[in-house]
Amino acid sequence: MREAASAPAATRAPRATIGDSEFDRDTAVTRRAPGVYDIDLSAGWTIISAVNGGYLLAVLGRALADALPHSDPFTISAHYLTASQPGPAVIRTDTVRTGRTLSTGQASLFQYDDEGHEVERIRVLASYGDLDTLPDDVRTTARPPVFPPMDQCFGPEDGPTPVSGSSAIADRLMLKLDPSTLGWALGAPSGKGEMRSWFGLADGRDADPLSLLLAVDALPPTAFEMGIMGWGPTVDLTVLGRASPAPGPLRVSITTRNLAGGFLEEDAEIWDSGDRLVAQSRQLARARLS
């Protein structure tokens, strides 16, 4: 298997502004009052009928970036309490602490049920800073994932039929999956809890720290390669922002080591075009065993 060629050293991508892309427009929040934000969750980021957890985390992440004095999520942990649906939602934020280097806040997203009762969908605790001010020294044993170049990988559009469960979100992403993690699509899953893909937004928007919150949860579940089909709901998702990504496509690698009692973990790494580890995550998800 060929290793993808490393890109030359690249500069950091400029921060996108609201309106630059569909992702920016669909994660834009409107401040109603200090710490209170309104948003209409877009149906464009659904998997079957549920709103994707990474998109929801990016929505909450944008509200916290507005509420806190720092712009970049260094660590953000979300507990998914009930499934979110497309439509109106309100986000309430609270500043826990502010400092020169880091600020910490919490946020919750609410929607209304059929009887008009407010229902909390997600609760988040996060610490924010400025990734662009971090020193450039890197001391690590981590290495970029090894898989074929993009033109030897495959996306939803390359199959004879749409990928099961991909739904609307597939049209908004550029995914090119490593063929060695695509056995599930051919009815022959490898049995390994692995998923690897090139990743980008379909409209060409370069990645930034906010869109990394989407990228960690945008690939097909590792459970597919373990022979378990169906989209498993996320219980908890923690993302660590490590660096501002350089322009160009990202490489995402996700692994599962343990599936037990109907739950599995997914550990993700995101690498940019300059071979830098820009984000890590761990999530706990349910596995639909029947």
# chains A, B, ... in the order shown; residues from 1 in each chain; ligands from 1
>>> select_by_dssp(residues="region 94-246 of chain A", states="alpha helix (DSSP H)", output="PDB file with C-alpha atoms, in the first residue's frame")
ATOM      1  CA  LEU A 212     -12.508  19.954  12.845  1.00  0.00           C
ATOM      2  CA  LEU A 213     -15.387  19.402  15.285  1.00  0.00           C
ATOM      3  CA  LEU A 214     -17.401  18.139  12.312  1.00  0.00           C
ATOM      4  CA  ALA A 215     -14.568  16.111  10.780  1.00  0.00           C
TER       5      ALA A 215
END
>>> closest_atom_pairs(of="region 26-87 of chain A", to="region 229-242 of chain A", cutoff="10 Å", atoms="only C-alpha atoms", output="JSON lines")
{"residue": "A:Ile47", "atom": "CA", "partner": "A:Trp231", "partner_atom": "CA", "distance": 8.2}
{"residue": "A:Ile48", "atom": "CA", "partner": "A:Trp231", "partner_atom": "CA", "distance": 8.9}
{"residue": "A:Ala50", "atom": "CA", "partner": "A:Pro233", "partner_atom": "CA", "distance": 9.4}
{"residue": "A:Asn52", "atom": "CA", "partner": "A:Pro233", "partner_atom": "CA", "distance": 9.5}
{"residue": "A:Gly53", "atom": "CA", "partner": "A:Thr234", "partner_atom": "CA", "distance": 7.2}
{"residue": "A:Gly54", "atom": "CA", "partner": "A:Leu237", "partner_atom": "CA", "distance": 8.9}
{"residue": "A:Leu57", "atom": "CA", "partner": "A:Leu237", "partner_atom": "CA", "distance": 8.9}
{"residue": "A:Asp72", "atom": "CA", "partner": "A:Gly241", "partner_atom": "CA", "distance": 7.7}
{"residue": "A:Pro73", "atom": "CA", "partner": "A:Gly241", "partner_atom": "CA", "distance": 6.0}
{"residue": "A:Phe74", "atom": "CA", "partner": "A:Gly241", "partner_atom": "CA", "distance": 4.6}
{"residue": "A:Thr75", "atom": "CA", "partner": "A:Leu240", "partner_atom": "CA", "distance": 4.5}
{"residue": "A:Ile76", "atom": "CA", "partner": "A:Val239", "partner_atom": "CA", "distance": 5.4}
{"residue": "A:Ser77", "atom": "CA", "partner": "A:Thr238", "partner_atom": "CA", "distance": 4.1}
{"residue": "A:Ala78", "atom": "CA", "partner": "A:Leu237", "partner_atom": "CA", "distance": 5.3}
{"residue": "A:His79", "atom": "CA", "partner": "A:Asp236", "partner_atom": "CA", "distance": 4.6}
{"residue": "A:Tyr80", "atom": "CA", "partner": "A:Val235", "partner_atom": "CA", "distance": 5.3}
{"residue": "A:Leu81", "atom": "CA", "partner": "A:Val235", "partner_atom": "CA", "distance": 7.4}
{"residue": "A:Thr82", "atom": "CA", "partner": "A:Val235", "partner_atom": "CA", "distance": 9.3}
{"residue": "A:Ala83", "atom": "CA", "partner": "A:Pro233", "partner_atom": "CA", "distance": 8.3}
>>> closest_residue(among="A:Trp45, A:Trp271, A:Trp184, A:Phe147", to="Glu225 (chain A)", atoms="only C-alpha atoms")
A:Trp184
>>> residues_around(residues="region 127-134 of chain A", least_positions_apart="2", cutoff="10 Å", atoms="only C-alpha atoms", output="ChimeraX atom specification")
/A:12,61,64-65,68-77,96-106,125,136-137,209,240-245,278
>>> residues_around(residues="Pro249 (chain A)", least_positions_apart="5", cutoff="10 Å", atoms="only C-alpha atoms", output="mmCIF file with N, CA and C atoms, in the first residue's frame")
data_model
loop_
_atom_site.group_PDB
_atom_site.id
_atom_site.type_symbol
_atom_site.label_atom_id
_atom_site.label_comp_id
_atom_site.auth_asym_id
_atom_site.auth_seq_id
_atom_site.Cartn_x
_atom_site.Cartn_y
_atom_site.Cartn_z
ATOM 1 N N MET A 150 -5.547 10.211 -2.873
ATOM 2 C CA MET A 150 -6.988 10.431 -3.028
ATOM 3 C C MET A 150 -7.561 9.774 -4.280
ATOM 4 N N MET A 174 -16.625 16.048 1.213
ATOM 5 C CA MET A 174 -15.734 15.362 0.294
ATOM 6 C C MET A 174 -15.069 14.246 1.092
ATOM 7 N N LEU A 175 -15.530 13.027 0.873
ATOM 8 C CA LEU A 175 -14.963 11.863 1.537
ATOM 9 C C LEU A 175 -14.391 10.917 0.491
ATOM 10 N N TRP A 198 -9.763 10.541 3.322
ATOM 11 C CA TRP A 198 -9.512 11.938 3.041
ATOM 12 C C TRP A 198 -10.804 12.692 3.346
ATOM 13 N N PHE A 199 -10.672 13.915 3.818
ATOM 14 C CA PHE A 199 -11.860 14.667 4.232
ATOM 15 C C PHE A 199 -11.749 16.130 3.817
ATOM 16 N N GLY A 200 -12.869 16.663 3.368
ATOM 17 C CA GLY A 200 -12.995 18.088 3.110
ATOM 18 C C GLY A 200 -14.465 18.441 3.014
ATOM 19 N N LEU A 201 -14.746 19.723 2.882
ATOM 20 C CA LEU A 201 -16.111 20.171 2.625
ATOM 21 C C LEU A 201 -16.318 20.239 1.118
ATOM 22 N N GLY A 204 -15.365 23.231 -1.035
ATOM 23 C CA GLY A 204 -13.966 23.632 -1.104
ATOM 24 C C GLY A 204 -13.478 24.484 0.051
ATOM 25 N N ARG A 205 -14.325 24.773 1.019
ATOM 26 C CA ARG A 205 -13.891 25.569 2.163
ATOM 27 C C ARG A 205 -12.757 24.854 2.888
ATOM 28 N N ASP A 206 -11.659 25.569 3.156
ATOM 29 C CA ASP A 206 -10.555 24.979 3.894
ATOM 30 C C ASP A 206 -10.948 24.766 5.347
ATOM 31 N N ALA A 207 -10.294 23.821 5.964
ATOM 32 C CA ALA A 207 -10.568 23.499 7.354
ATOM 33 C C ALA A 207 -10.057 24.590 8.282
ATOM 34 N N TRP A 271 -5.131 14.690 10.542
ATOM 35 C CA TRP A 271 -3.831 15.199 10.092
ATOM 36 C C TRP A 271 -4.057 16.136 8.908
ATOM 37 N N ASP A 272 -3.289 17.231 8.868
ATOM 38 C CA ASP A 272 -3.471 18.184 7.775
ATOM 39 C C ASP A 272 -2.472 17.929 6.648
ATOM 40 N N SER A 273 -2.501 18.789 5.633
ATOM 41 C CA SER A 273 -1.666 18.606 4.452
ATOM 42 C C SER A 273 -0.184 18.791 4.739
#
>>> closest_residue(among="A:Ser42, A:Thr27, A:Ser21, A:Ser253", to="Ile169 (chain A)", atoms="only C-alpha atoms")
A:Ser42
